[in-house]
$ cat model.cif   # mmCIF, C-alpha atoms and all ligand atoms; chains and numbers go by the auth columns
data_final
#
loop_
_atom_site.group_PDB
_atom_site.id
_atom_site.type_symbol
_atom_site.label_atom_id
_atom_site.label_comp_id
_atom_site.label_asym_id
_atom_site.label_seq_id
_atom_site.Cartn_x
_atom_site.Cartn_y
_atom_site.Cartn_z
_atom_site.B_iso_or_equiv
_atom_site.auth_seq_id
_atom_site.auth_asym_id
ATOM 1 C CA MET A 1 17.811 86.443 273.157 0.00 1 A
ATOM 2 C CA LYS A 2 14.068 85.791 272.855 0.00 2 A
ATOM 3 C CA LEU A 3 13.144 82.396 274.298 0.00 3 A
ATOM 4 C CA ASP A 4 9.944 80.371 274.072 0.00 4 A
ATOM 5 C CA ALA A 5 10.511 78.555 277.361 0.00 5 A
ATOM 6 C CA LEU A 6 12.769 79.290 280.329 0.00 6 A
ATOM 7 C CA PHE A 7 13.378 76.491 282.838 0.00 7 A
ATOM 8 C CA ILE A 8 14.487 77.944 286.185 0.00 8 A
ATOM 9 C CA ALA A 9 16.155 75.792 288.833 0.00 9 A
ATOM 10 C CA SER A 10 17.751 76.123 292.256 0.00 10 A
ATOM 11 C CA HIS A 11 20.832 74.077 291.328 0.00 11 A
ATOM 12 C CA PRO A 12 22.657 73.047 288.151 0.00 12 A
ATOM 13 C CA ASP A 13 21.342 69.510 287.344 0.00 13 A
ATOM 14 C CA ASP A 14 17.826 70.094 288.801 0.00 14 A
ATOM 15 C CA ILE A 15 16.331 70.580 285.334 0.00 15 A
ATOM 16 C CA GLU A 16 18.263 67.626 283.929 0.00 16 A
ATOM 17 C CA ILE A 17 16.697 65.398 286.598 0.00 17 A
ATOM 18 C CA THR A 18 13.156 66.766 286.694 0.00 18 A
ATOM 19 C CA SER A 19 12.259 68.050 283.248 0.00 19 A
ATOM 20 C CA ALA A 20 15.059 67.628 280.684 0.00 20 A
ATOM 21 C CA GLY A 21 12.934 65.207 278.640 0.00 21 A
ATOM 22 C CA THR A 22 10.458 68.038 278.077 0.00 22 A
ATOM 23 C CA ALA A 23 13.162 70.653 277.455 0.00 23 A
ATOM 24 C CA ILE A 24 14.799 68.432 274.803 0.00 24 A
ATOM 25 C CA LYS A 25 11.408 67.721 273.241 0.00 25 A
ATOM 26 C CA LEU A 26 10.752 71.476 272.926 0.00 26 A
ATOM 27 C CA VAL A 27 14.176 71.972 271.314 0.00 27 A
ATOM 28 C CA GLN A 28 13.407 69.188 268.830 0.00 28 A
ATOM 29 C CA ASP A 29 10.085 70.896 268.051 0.00 29 A
ATOM 30 C CA GLY A 30 12.029 74.010 267.028 0.00 30 A
ATOM 31 C CA ARG A 31 11.378 76.020 270.180 0.00 31 A
ATOM 32 C CA LYS A 32 13.974 78.328 271.720 0.00 32 A
ATOM 33 C CA VAL A 33 14.711 76.915 275.165 0.00 33 A
ATOM 34 C CA GLY A 34 16.843 78.204 278.020 0.00 34 A
ATOM 35 C CA ILE A 35 17.842 77.183 281.527 0.00 35 A
ATOM 36 C CA LEU A 36 18.604 79.569 284.360 0.00 36 A
ATOM 37 C CA ASP A 37 20.247 78.092 287.463 0.00 37 A
ATOM 38 C CA LEU A 38 19.745 80.282 290.516 0.00 38 A
ATOM 39 C CA THR A 39 22.860 79.047 292.375 0.00 39 A
ATOM 40 C CA ARG A 40 26.121 77.315 291.478 0.00 40 A
ATOM 41 C CA GLY A 41 25.421 74.419 293.808 0.00 41 A
ATOM 42 C CA GLU A 42 28.378 75.292 295.996 0.00 42 A
ATOM 43 C CA LEU A 43 27.017 73.276 298.933 0.00 43 A
ATOM 44 C CA SER A 44 27.059 69.999 297.007 0.00 44 A
ATOM 45 C CA THR A 45 28.724 67.189 298.905 0.00 45 A
ATOM 46 C CA ARG A 46 30.657 65.988 295.869 0.00 46 A
ATOM 47 C CA GLY A 47 32.637 67.713 293.116 0.00 47 A
ATOM 48 C CA THR A 48 33.942 71.276 292.894 0.00 48 A
ATOM 49 C CA LEU A 49 32.517 74.474 291.445 0.00 49 A
ATOM 50 C CA GLN A 50 34.905 74.070 288.530 0.00 50 A
ATOM 51 C CA SER A 51 33.864 70.490 287.763 0.00 51 A
ATOM 52 C CA ARG A 52 30.184 71.378 288.179 0.00 52 A
ATOM 53 C CA LYS A 53 30.519 74.247 285.678 0.00 53 A
ATOM 54 C CA LYS A 54 32.104 71.986 283.063 0.00 54 A
ATOM 55 C CA GLU A 55 29.433 69.337 283.647 0.00 55 A
ATOM 56 C CA THR A 56 26.674 71.928 283.238 0.00 56 A
ATOM 57 C CA GLU A 57 28.163 73.078 279.926 0.00 57 A
ATOM 58 C CA ALA A 58 28.387 69.503 278.668 0.00 58 A
ATOM 59 C CA ALA A 59 24.780 68.744 279.696 0.00 59 A
ATOM 60 C CA SER A 60 23.549 71.922 277.976 0.00 60 A
ATOM 61 C CA LYS A 61 25.258 70.788 274.779 0.00 61 A
ATOM 62 C CA VAL A 62 23.610 67.364 274.960 0.00 62 A
ATOM 63 C CA MET A 63 20.176 68.939 275.443 0.00 63 A
ATOM 64 C CA GLY A 64 20.782 71.369 272.566 0.00 64 A
ATOM 65 C CA ILE A 65 19.369 74.324 274.521 0.00 65 A
ATOM 66 C CA HIS A 66 19.943 77.858 273.291 0.00 66 A
ATOM 67 C CA TYR A 67 20.698 79.677 276.536 0.00 67 A
ATOM 68 C CA ARG A 68 22.092 78.841 279.946 0.00 68 A
ATOM 69 C CA ALA A 69 22.912 81.304 282.674 0.00 69 A
ATOM 70 C CA ASN A 70 23.480 81.401 286.415 0.00 70 A
ATOM 71 C CA LEU A 71 21.969 84.045 288.693 0.00 71 A
ATOM 72 C CA GLY A 72 24.714 83.570 291.301 0.00 72 A
ATOM 73 C CA LEU A 73 22.466 83.419 294.382 0.00 73 A
ATOM 74 C CA LYS A 74 23.685 81.643 297.500 0.00 74 A
ATOM 75 C CA ASP A 75 23.194 77.865 297.594 0.00 75 A
ATOM 76 C CA GLY A 76 21.179 76.855 300.655 0.00 76 A
ATOM 77 C CA ASN A 77 19.948 80.406 301.095 0.00 77 A
ATOM 78 C CA ILE A 78 17.762 81.416 298.142 0.00 78 A
ATOM 79 C CA GLN A 79 15.976 84.496 299.421 0.00 79 A
ATOM 80 C CA ASN A 80 12.920 86.120 297.947 0.00 80 A
ATOM 81 C CA THR A 81 14.201 89.673 298.429 0.00 81 A
ATOM 82 C CA GLU A 82 13.586 92.726 296.294 0.00 82 A
ATOM 83 C CA ALA A 83 17.240 92.774 295.142 0.00 83 A
ATOM 84 C CA ASN A 84 17.109 89.110 294.100 0.00 84 A
ATOM 85 C CA ARG A 85 13.727 89.534 292.382 0.00 85 A
ATOM 86 C CA LEU A 86 15.174 92.416 290.350 0.00 86 A
ATOM 87 C CA LYS A 87 18.024 90.153 289.206 0.00 87 A
ATOM 88 C CA LEU A 88 15.552 87.524 288.027 0.00 88 A
ATOM 89 C CA ILE A 89 13.176 90.082 286.501 0.00 89 A
ATOM 90 C CA LYS A 90 16.092 91.352 284.386 0.00 90 A
ATOM 91 C CA VAL A 91 16.692 87.856 283.004 0.00 91 A
ATOM 92 C CA ILE A 92 12.973 87.356 282.300 0.00 92 A
ATOM 93 C CA ARG A 93 12.812 90.706 280.510 0.00 93 A
ATOM 94 C CA GLU A 94 15.964 89.936 278.517 0.00 94 A
ATOM 95 C CA THR A 95 14.811 86.486 277.423 0.00 95 A
ATOM 96 C CA LYS A 96 11.028 87.158 277.204 0.00 96 A
ATOM 97 C CA PRO A 97 9.889 83.546 277.665 0.00 97 A
ATOM 98 C CA GLU A 98 6.226 82.682 277.047 0.00 98 A
ATOM 99 C CA ILE A 99 6.474 79.825 279.516 0.00 99 A
ATOM 100 C CA VAL A 100 8.489 79.614 282.723 0.00 100 A
ATOM 101 C CA PHE A 101 9.162 76.336 284.512 0.00 101 A
ATOM 102 C CA ALA A 102 9.723 76.357 288.280 0.00 102 A
ATOM 103 C CA PRO A 103 10.020 73.785 291.079 0.00 103 A
ATOM 104 C CA TYR A 104 6.767 72.806 292.774 0.00 104 A
ATOM 105 C CA PRO A 105 6.405 74.767 296.075 0.00 105 A
ATOM 106 C CA SER A 106 6.451 71.725 298.336 0.00 106 A
ATOM 107 C CA ASP A 107 9.667 69.715 298.578 0.00 107 A
ATOM 108 C CA ARG A 108 12.230 68.276 300.946 0.00 108 A
ATOM 109 C CA HIS A 109 14.966 70.707 299.858 0.00 109 A
ATOM 110 C CA THR A 110 14.208 74.188 301.206 0.00 110 A
ATOM 111 C CA ASP A 111 15.950 75.827 298.223 0.00 111 A
ATOM 112 C CA HIS A 112 13.349 74.250 295.922 0.00 112 A
ATOM 113 C CA VAL A 113 10.524 75.572 298.113 0.00 113 A
ATOM 114 C CA ASN A 114 11.974 79.069 298.344 0.00 114 A
ATOM 115 C CA ALA A 115 12.866 79.159 294.644 0.00 115 A
ATOM 116 C CA SER A 116 9.293 78.293 293.720 0.00 116 A
ATOM 117 C CA ASN A 117 7.691 81.357 295.303 0.00 117 A
ATOM 118 C CA PHE A 118 10.627 83.541 294.308 0.00 118 A
ATOM 119 C CA ILE A 119 10.216 82.551 290.637 0.00 119 A
ATOM 120 C CA ARG A 120 6.398 82.857 290.650 0.00 120 A
ATOM 121 C CA GLU A 121 6.537 86.330 292.181 0.00 121 A
ATOM 122 C CA SER A 122 9.317 87.522 289.886 0.00 122 A
ATOM 123 C CA ALA A 123 7.492 86.225 286.781 0.00 123 A
ATOM 124 C CA PHE A 124 4.393 88.163 287.828 0.00 124 A
ATOM 125 C CA LEU A 125 6.188 91.364 288.859 0.00 125 A
ATOM 126 C CA SER A 126 8.213 91.325 285.630 0.00 126 A
ATOM 127 C CA GLY A 127 4.988 92.369 283.888 0.00 127 A
ATOM 128 C CA LEU A 128 4.647 95.577 285.877 0.00 128 A
ATOM 129 C CA GLU A 129 5.937 98.550 283.919 0.00 129 A
ATOM 130 C CA LYS A 130 6.606 100.700 286.948 0.00 130 A
ATOM 131 C CA ILE A 131 9.285 98.277 288.107 0.00 131 A
ATOM 132 C CA LYS A 132 12.224 99.722 286.199 0.00 132 A
ATOM 133 C CA THR A 133 15.163 97.714 284.874 0.00 133 A
ATOM 134 C CA GLY A 134 16.969 100.220 282.651 0.00 134 A
ATOM 135 C CA LYS A 135 16.070 99.843 278.991 0.00 135 A
ATOM 136 C CA LEU A 136 14.420 96.424 279.405 0.00 136 A
ATOM 137 C CA ASN A 137 10.663 96.495 278.866 0.00 137 A
ATOM 138 C CA ALA A 138 8.122 94.784 281.105 0.00 138 A
ATOM 139 C CA HIS A 139 7.357 91.176 280.153 0.00 139 A
ATOM 140 C CA ARG A 140 5.125 88.646 281.881 0.00 140 A
ATOM 141 C CA PRO A 141 5.260 84.974 280.861 0.00 141 A
ATOM 142 C CA ASN A 142 1.827 83.501 280.041 0.00 142 A
ATOM 143 C CA LYS A 143 2.226 80.508 282.307 0.00 143 A
ATOM 144 C CA VAL A 144 4.329 79.126 285.133 0.00 144 A
ATOM 145 C CA PHE A 145 4.466 75.329 285.040 0.00 145 A
ATOM 146 C CA TYR A 146 5.825 73.469 288.062 0.00 146 A
ATOM 147 C CA TYR A 147 8.077 70.430 287.742 0.00 147 A
ATOM 148 C CA ARG A 148 8.363 67.862 290.497 0.00 148 A
ATOM 149 C CA HIS A 149 11.325 66.989 292.717 0.00 149 A
ATOM 150 C CA ALA A 150 11.010 64.465 295.563 0.00 150 A
ATOM 151 C CA TYR A 151 7.585 65.020 297.094 0.00 151 A
ATOM 152 C CA GLU A 152 4.261 63.957 295.664 0.00 152 A
ATOM 153 C CA THR A 153 2.634 66.861 293.848 0.00 153 A
ATOM 154 C CA PRO A 154 -0.704 67.389 292.133 0.00 154 A
ATOM 155 C CA VAL A 155 -0.360 66.783 288.389 0.00 155 A
ATOM 156 C CA SER A 156 -2.078 68.904 285.718 0.00 156 A
ATOM 157 C CA PHE A 157 -0.509 67.177 282.706 0.00 157 A
ATOM 158 C CA ILE A 158 2.204 64.694 281.774 0.00 158 A
ATOM 159 C CA VAL A 159 4.547 65.211 278.817 0.00 159 A
ATOM 160 C CA ASP A 160 5.403 62.137 276.747 0.00 160 A
ATOM 161 C CA ILE A 161 9.218 61.958 276.823 0.00 161 A
ATOM 162 C CA SER A 162 9.585 58.457 275.363 0.00 162 A
ATOM 163 C CA ASP A 163 11.601 59.884 272.432 0.00 163 A
ATOM 164 C CA THR A 164 13.911 61.982 274.574 0.00 164 A
ATOM 165 C CA PHE A 165 14.400 59.867 277.711 0.00 165 A
ATOM 166 C CA ALA A 166 17.727 58.445 276.430 0.00 166 A
ATOM 167 C CA LYS A 167 19.044 61.978 275.811 0.00 167 A
ATOM 168 C CA LYS A 168 17.846 63.065 279.243 0.00 168 A
ATOM 169 C CA ILE A 169 19.908 60.257 280.784 0.00 169 A
ATOM 170 C CA GLU A 170 22.863 61.314 278.640 0.00 170 A
ATOM 171 C CA ALA A 171 22.514 64.898 279.949 0.00 171 A
ATOM 172 C CA ILE A 172 22.339 63.727 283.579 0.00 172 A
ATOM 173 C CA SER A 173 25.366 61.496 282.996 0.00 173 A
ATOM 174 C CA CYS A 174 27.409 64.622 282.231 0.00 174 A
ATOM 175 C CA TYR A 175 27.342 65.347 285.969 0.00 175 A
ATOM 176 C CA GLY A 176 30.006 62.743 286.649 0.00 176 A
ATOM 177 C CA SER A 177 30.869 64.227 290.043 0.00 177 A
ATOM 178 C CA GLN A 178 27.269 63.962 291.298 0.00 178 A
ATOM 179 C CA PHE A 179 25.891 60.706 289.952 0.00 179 A
ATOM 180 C CA PHE A 180 26.972 57.117 289.852 0.00 180 A
ATOM 181 C CA ASN A 181 29.229 56.232 286.965 0.00 181 A
ATOM 182 C CA ALA A 182 31.055 52.894 287.118 0.00 182 A
ATOM 183 C CA GLU A 183 34.129 54.378 285.407 0.00 183 A
ATOM 184 C CA LYS A 184 34.244 57.863 286.862 0.00 184 A
ATOM 185 C CA THR A 185 32.776 57.635 290.360 0.00 185 A
ATOM 186 C CA SER A 186 35.581 58.272 292.804 0.00 186 A
ATOM 187 C CA ALA A 187 35.816 56.107 295.899 0.00 187 A
ATOM 188 C CA ASP A 188 37.506 58.988 297.731 0.00 188 A
ATOM 189 C CA GLU A 189 34.395 61.124 297.853 0.00 189 A
ATOM 190 C CA PRO A 190 31.526 60.639 300.287 0.00 190 A
ATOM 191 C CA GLU A 191 28.607 58.645 298.929 0.00 191 A
ATOM 192 C CA THR A 192 25.280 60.433 298.548 0.00 192 A
ATOM 193 C CA TYR A 193 21.932 59.019 297.438 0.00 193 A
ATOM 194 C CA ILE A 194 22.321 60.420 293.930 0.00 194 A
ATOM 195 C CA SER A 195 25.814 58.916 293.626 0.00 195 A
ATOM 196 C CA THR A 196 24.478 55.376 294.008 0.00 196 A
ATOM 197 C CA LYS A 197 23.153 52.960 291.375 0.00 197 A
ATOM 198 C CA LEU A 198 19.779 53.111 293.097 0.00 198 A
ATOM 199 C CA PHE A 199 19.293 56.689 291.939 0.00 199 A
ATOM 200 C CA TRP A 200 19.297 55.644 288.267 0.00 200 A
ATOM 201 C CA LYS A 201 16.756 52.922 288.916 0.00 201 A
ATOM 202 C CA ASP A 202 14.506 55.362 290.752 0.00 202 A
ATOM 203 C CA LEU A 203 14.835 57.880 287.948 0.00 203 A
ATOM 204 C CA GLU A 204 13.735 55.348 285.364 0.00 204 A
ATOM 205 C CA THR A 205 10.937 54.028 287.573 0.00 205 A
ATOM 206 C CA ARG A 206 9.519 57.533 288.045 0.00 206 A
ATOM 207 C CA ALA A 207 9.625 58.240 284.304 0.00 207 A
ATOM 208 C CA ARG A 208 7.983 54.880 283.586 0.00 208 A
ATOM 209 C CA TYR A 209 5.326 55.473 286.234 0.00 209 A
ATOM 210 C CA PHE A 210 4.234 58.774 284.679 0.00 210 A
ATOM 211 C CA GLY A 211 4.536 57.275 281.209 0.00 211 A
ATOM 212 C CA PHE A 212 2.267 54.425 282.305 0.00 212 A
ATOM 213 C CA LYS A 213 -0.353 56.925 283.444 0.00 213 A
ATOM 214 C CA ILE A 214 -0.695 58.305 279.899 0.00 214 A
ATOM 215 C CA GLY A 215 -0.095 55.049 278.039 0.00 215 A
ATOM 216 C CA VAL A 216 3.467 55.718 276.829 0.00 216 A
ATOM 217 C CA GLU A 217 6.907 54.509 277.871 0.00 217 A
ATOM 218 C CA TYR A 218 8.230 57.559 279.753 0.00 218 A
ATOM 219 C CA GLY A 219 6.646 60.753 281.057 0.00 219 A
ATOM 220 C CA GLU A 220 7.370 63.905 283.074 0.00 220 A
ATOM 221 C CA PRO A 221 4.615 65.412 285.286 0.00 221 A
ATOM 222 C CA PHE A 222 3.803 69.122 285.657 0.00 222 A
ATOM 223 C CA PHE A 223 1.405 71.224 287.676 0.00 223 A
ATOM 224 C CA CYS A 224 -0.254 74.495 286.734 0.00 224 A
ATOM 225 C CA ASN A 225 -2.296 76.710 289.060 0.00 225 A
ATOM 226 C CA GLU A 226 -4.578 77.899 286.256 0.00 226 A
ATOM 227 C CA ASN A 227 -6.923 75.756 284.212 0.00 227 A
ATOM 228 C CA LEU A 228 -5.531 74.966 280.780 0.00 228 A
ATOM 229 C CA LYS A 229 -7.433 75.884 277.636 0.00 229 A
ATOM 230 C CA MET A 230 -8.180 72.930 275.363 0.00 230 A
ATOM 231 C CA GLN A 231 -9.023 73.124 271.646 0.00 231 A
ATOM 232 C CA ALA A 232 -11.781 70.660 270.693 0.00 232 A
ATOM 233 C CA ASN A 233 -9.664 68.893 268.052 0.00 233 A
ATOM 234 C CA ASN A 234 -6.952 68.235 270.646 0.00 234 A
ATOM 235 C CA LEU A 235 -9.380 66.057 272.587 0.00 235 A
ATOM 236 C CA PHE A 236 -8.456 63.267 270.174 0.00 236 A
ATOM 237 C CA ASN A 237 -4.750 63.531 271.040 0.00 237 A
ATOM 238 C CA VAL A 238 -4.880 63.479 274.836 0.00 238 A
HETATM 239 ZN ZN ZN B . 18.134 71.143 293.607 0.00 301 A
#
$ encode --input "model.cif" --output "structure tokens"
Amino acid sequence: MKLDALFIASHPDDIEITSAGTAIKLVQDGRKVGILDLTRGELSTRGTLQSRKKETEAASKVMGIHYRANLGLKDGNIQNTEANRLKLIKVIRETKPEIVFAPYPSDRHTDHVNASNFIRESAFLSGLEKIKTGKLNAHRPNKVFYYRHAYETPVSFIVDISDTFAKKIEAISCYGSQFFNAEKTSADEPETYISTKLFWKDLETRARYFGFKIGVEYGEPFFCNENLKMQANNLFNV
């Protein structure tokens, strides 16, 4: 399937938390959008692989995305090896995205850090014809945009997600095993930061903070290593 944008994440639910507002917005604009999770999140404190899979499917449905796959790498040990890069290059060549989204390369979780360089390198190498992947032709995405996890990151642009913030929350809520839900949260499982009420408040505060910076209700920040081309008539919309 040919995609316009491929969001790539270390763990199922990373995209929902960091950039789902943008993914949903792209879907609503008629773009073909996909998510590739690099691992199944098997090291998560709460939930099981089975419950996580069901939650991921439900969240994908809420977002209305056209493609979701899992690369099956090891949670807690995402390695930028040639074998792993070939796996990712195959997905990039199959889906031919114009834009790839990746985690920013500085973060508390080492998987996010390692995934960032792994994705950037694979996206670049995917454009080299002499790297063979059977019948799949070389394809290099035009841009890699970085979404933000926990650490402060430089920001190149902020997407207005005021229209899609409610749906983003709905998608995150599908991960009942991970996040606080007054009805579903089980008292038997160990509490983590994201399973507390505080997490939801922080999530909203962050979205409001970036929305505030561009004069709208909610926003999601992104970074790009390259300068972005601007058409003169767009200067009136920024
Ligand atoms: Zn993660």
$ residues_around --input "model.cif" --residues "A:His139" --least-positions-apart "3" --cutoff "8 Å" --atoms "only C-alpha atoms" --output "PyMOL selection string"
chain A and resi 92-93+96+126-128
$ closest_residue --input "model.cif" --among "A:Glu191, A:Asp4, A:Glu129, A:Glu220" --to "A:Val159" --atoms "all atoms listed in the file"
A:Glu220
$ resolve_selection --input "model.cif" --expression "the PyMOL selection byres (((chain A and resi 175) around 10) and not hetatm)" --output "JSON, numbers by chain"
{"A": [12, 13, 16, 47, 51, 52, 53, 54, 55, 56, 57, 58, 59, 170, 171, 172, 173, 174, 176, 177, 178, 179, 180, 181]}
$ resolve_selection --input "model.cif" --expression "the PyMOL selection byres (((chain A and resi 99) around 7) and not hetatm)" --output "mmCIF file with C-alpha atoms, in the frame of the given file"
data_model
loop_
_atom_site.group_PDB
_atom_site.id
_atom_site.type_symbol
_atom_site.label_atom_id
_atom_site.label_comp_id
_atom_site.auth_asym_id
_atom_site.auth_seq_id
_atom_site.Cartn_x
_atom_site.Cartn_y
_atom_site.Cartn_z
ATOM 1 C CA ASP A 4 9.944 80.371 274.072
ATOM 2 C CA ALA A 5 10.511 78.555 277.361
ATOM 3 C CA LEU A 6 12.769 79.290 280.329
ATOM 4 C CA PRO A 97 9.889 83.546 277.665
ATOM 5 C CA GLU A 98 6.226 82.682 277.047
ATOM 6 C CA VAL A 100 8.489 79.614 282.723
ATOM 7 C CA PHE A 101 9.162 76.336 284.512
ATOM 8 C CA PRO A 141 5.260 84.974 280.861
ATOM 9 C CA ASN A 142 1.827 83.501 280.041
ATOM 10 C CA LYS A 143 2.226 80.508 282.307
ATOM 11 C CA VAL A 144 4.329 79.126 285.133
#
$ residues_around --input "model.cif" --residues "A:Leu26" --least-positions-apart "4" --cutoff "12 Å" --atoms "all atoms listed in the file" --output "VMD selection string"
chain A and resid 3 to 7 19 to 22 30 to 34 63 to 66 99 159 to 161 163 to 164
$ resolve_selection --input "model.cif" --expression "the PyMOL selection byres (((not hetatm)) within 9 of (chain A and resi 301))" --output "PyMOL selection string"
chain A and resi 9-15+41+103+109+111-112+149
$ write_last_selection --input "model.cif" --atoms "C-alpha atoms" --output "mmCIF file, in the frame of the given file"
data_model
loop_
_atom_site.group_PDB
_atom_site.id
_atom_site.type_symbol
_atom_site.label_atom_id
_atom_site.label_comp_id
_atom_site.auth_asym_id
_atom_site.auth_seq_id
_atom_site.Cartn_x
_atom_site.Cartn_y
_atom_site.Cartn_z
ATOM 1 C CA ALA A 9 16.155 75.792 288.833
ATOM 2 C CA SER A 10 17.751 76.123 292.256
ATOM 3 C CA HIS A 11 20.832 74.077 291.328
ATOM 4 C CA PRO A 12 22.657 73.047 288.151
ATOM 5 C CA ASP A 13 21.342 69.510 287.344
ATOM 6 C CA ASP A 14 17.826 70.094 288.801
ATOM 7 C CA ILE A 15 16.331 70.580 285.334
ATOM 8 C CA GLY A 41 25.421 74.419 293.808
ATOM 9 C CA PRO A 103 10.020 73.785 291.079
ATOM 10 C CA HIS A 109 14.966 70.707 299.858
ATOM 11 C CA ASP A 111 15.950 75.827 298.223
ATOM 12 C CA HIS A 112 13.349 74.250 295.922
ATOM 13 C CA HIS A 149 11.325 66.989 292.717
#
$ atom_distance --input "model.cif" --atom1 "atom CA of A:Val216" --atom2 "atom CA of A:Ser162"
6.9 Å
$ closest_residue --input "model.cif" --among "A:Lys25, A:Lys167, A:Arg140, A:Arg85" --to "A:Val62" --atoms "all atoms listed in the file"
A:Lys167
$ closest_residue --input "model.cif" --among "A:Ala69, A:Ile8, A:Val27, A:Met1" --to "A:Ser122" --atoms "all atoms listed in the file"
A:Ile8
$ closest_residue --input "model.cif" --among "A:Asn233, A:Thr205, A:Thr153, A:Gln79" --to "A:Pro105" --atoms "only C-alpha atoms"
A:Thr153
$ closest_residue --input "model.cif" --among "A:Phe157, A:Ile169, A:Lys74, A:Ala83" --to "A:Phe199" --atoms "all atoms listed in the file"
A:Ile169
$ decode --input "model.cif" --residues "stretch 156-162 of chain A" --atoms "all heavy atoms" --output "short mmCIF file (atom, residue, chain, number, x, y, z; two decimals), in the first residue's frame"
data_model
loop_
_atom_site.label_atom_id
_atom_site.label_comp_id
_atom_site.auth_asym_id
_atom_site.auth_seq_id
_atom_site.Cartn_x
_atom_site.Cartn_y
_atom_site.Cartn_z
N SER A 156 10.60 22.84 15.30
CA SER A 156 10.62 23.50 13.99
C SER A 156 9.24 24.02 13.63
O SER A 156 9.11 25.04 12.97
CB SER A 156 11.07 22.52 12.90
OG SER A 156 12.34 22.01 13.18
N PHE A 157 8.20 23.28 14.02
CA PHE A 157 6.83 23.72 13.73
C PHE A 157 5.87 23.02 14.68
O PHE A 157 6.22 21.99 15.29
CB PHE A 157 6.43 23.45 12.27
CG PHE A 157 6.48 21.99 11.86
CD1 PHE A 157 5.36 21.19 11.94
CD2 PHE A 157 7.66 21.43 11.39
CE1 PHE A 157 5.40 19.86 11.57
CE2 PHE A 157 7.72 20.08 11.01
CZ PHE A 157 6.58 19.30 11.10
N ILE A 158 4.70 23.60 14.83
CA ILE A 158 3.66 23.04 15.71
C ILE A 158 2.40 22.85 14.87
O ILE A 158 1.98 23.77 14.16
CB ILE A 158 3.37 23.98 16.90
CG1 ILE A 158 4.63 24.12 17.77
CG2 ILE A 158 2.19 23.47 17.73
CD1 ILE A 158 4.54 25.23 18.80
N VAL A 159 1.82 21.66 14.92
CA VAL A 159 0.59 21.39 14.17
C VAL A 159 -0.61 21.70 15.08
O VAL A 159 -0.64 21.28 16.24
CB VAL A 159 0.54 19.91 13.70
CG1 VAL A 159 -0.80 19.60 13.03
CG2 VAL A 159 1.69 19.62 12.73
N ASP A 160 -1.55 22.44 14.52
CA ASP A 160 -2.80 22.75 15.23
C ASP A 160 -3.65 21.49 15.28
O ASP A 160 -4.09 20.99 14.24
CB ASP A 160 -3.52 23.87 14.46
CG ASP A 160 -4.88 24.22 15.06
OD1 ASP A 160 -5.25 23.65 16.11
OD2 ASP A 160 -5.56 25.08 14.47
N ILE A 161 -3.85 20.95 16.49
CA ILE A 161 -4.67 19.72 16.61
C ILE A 161 -5.96 19.99 17.42
O ILE A 161 -6.54 19.07 17.99
CB ILE A 161 -3.87 18.56 17.26
CG1 ILE A 161 -3.37 18.93 18.67
CG2 ILE A 161 -2.72 18.13 16.38
CD1 ILE A 161 -3.13 17.74 19.57
N SER A 162 -6.37 21.26 17.43
CA SER A 162 -7.57 21.61 18.21
C SER A 162 -8.77 20.75 17.80
O SER A 162 -9.55 20.31 18.64
CB SER A 162 -7.91 23.08 18.02
OG SER A 162 -6.80 23.88 18.33
#
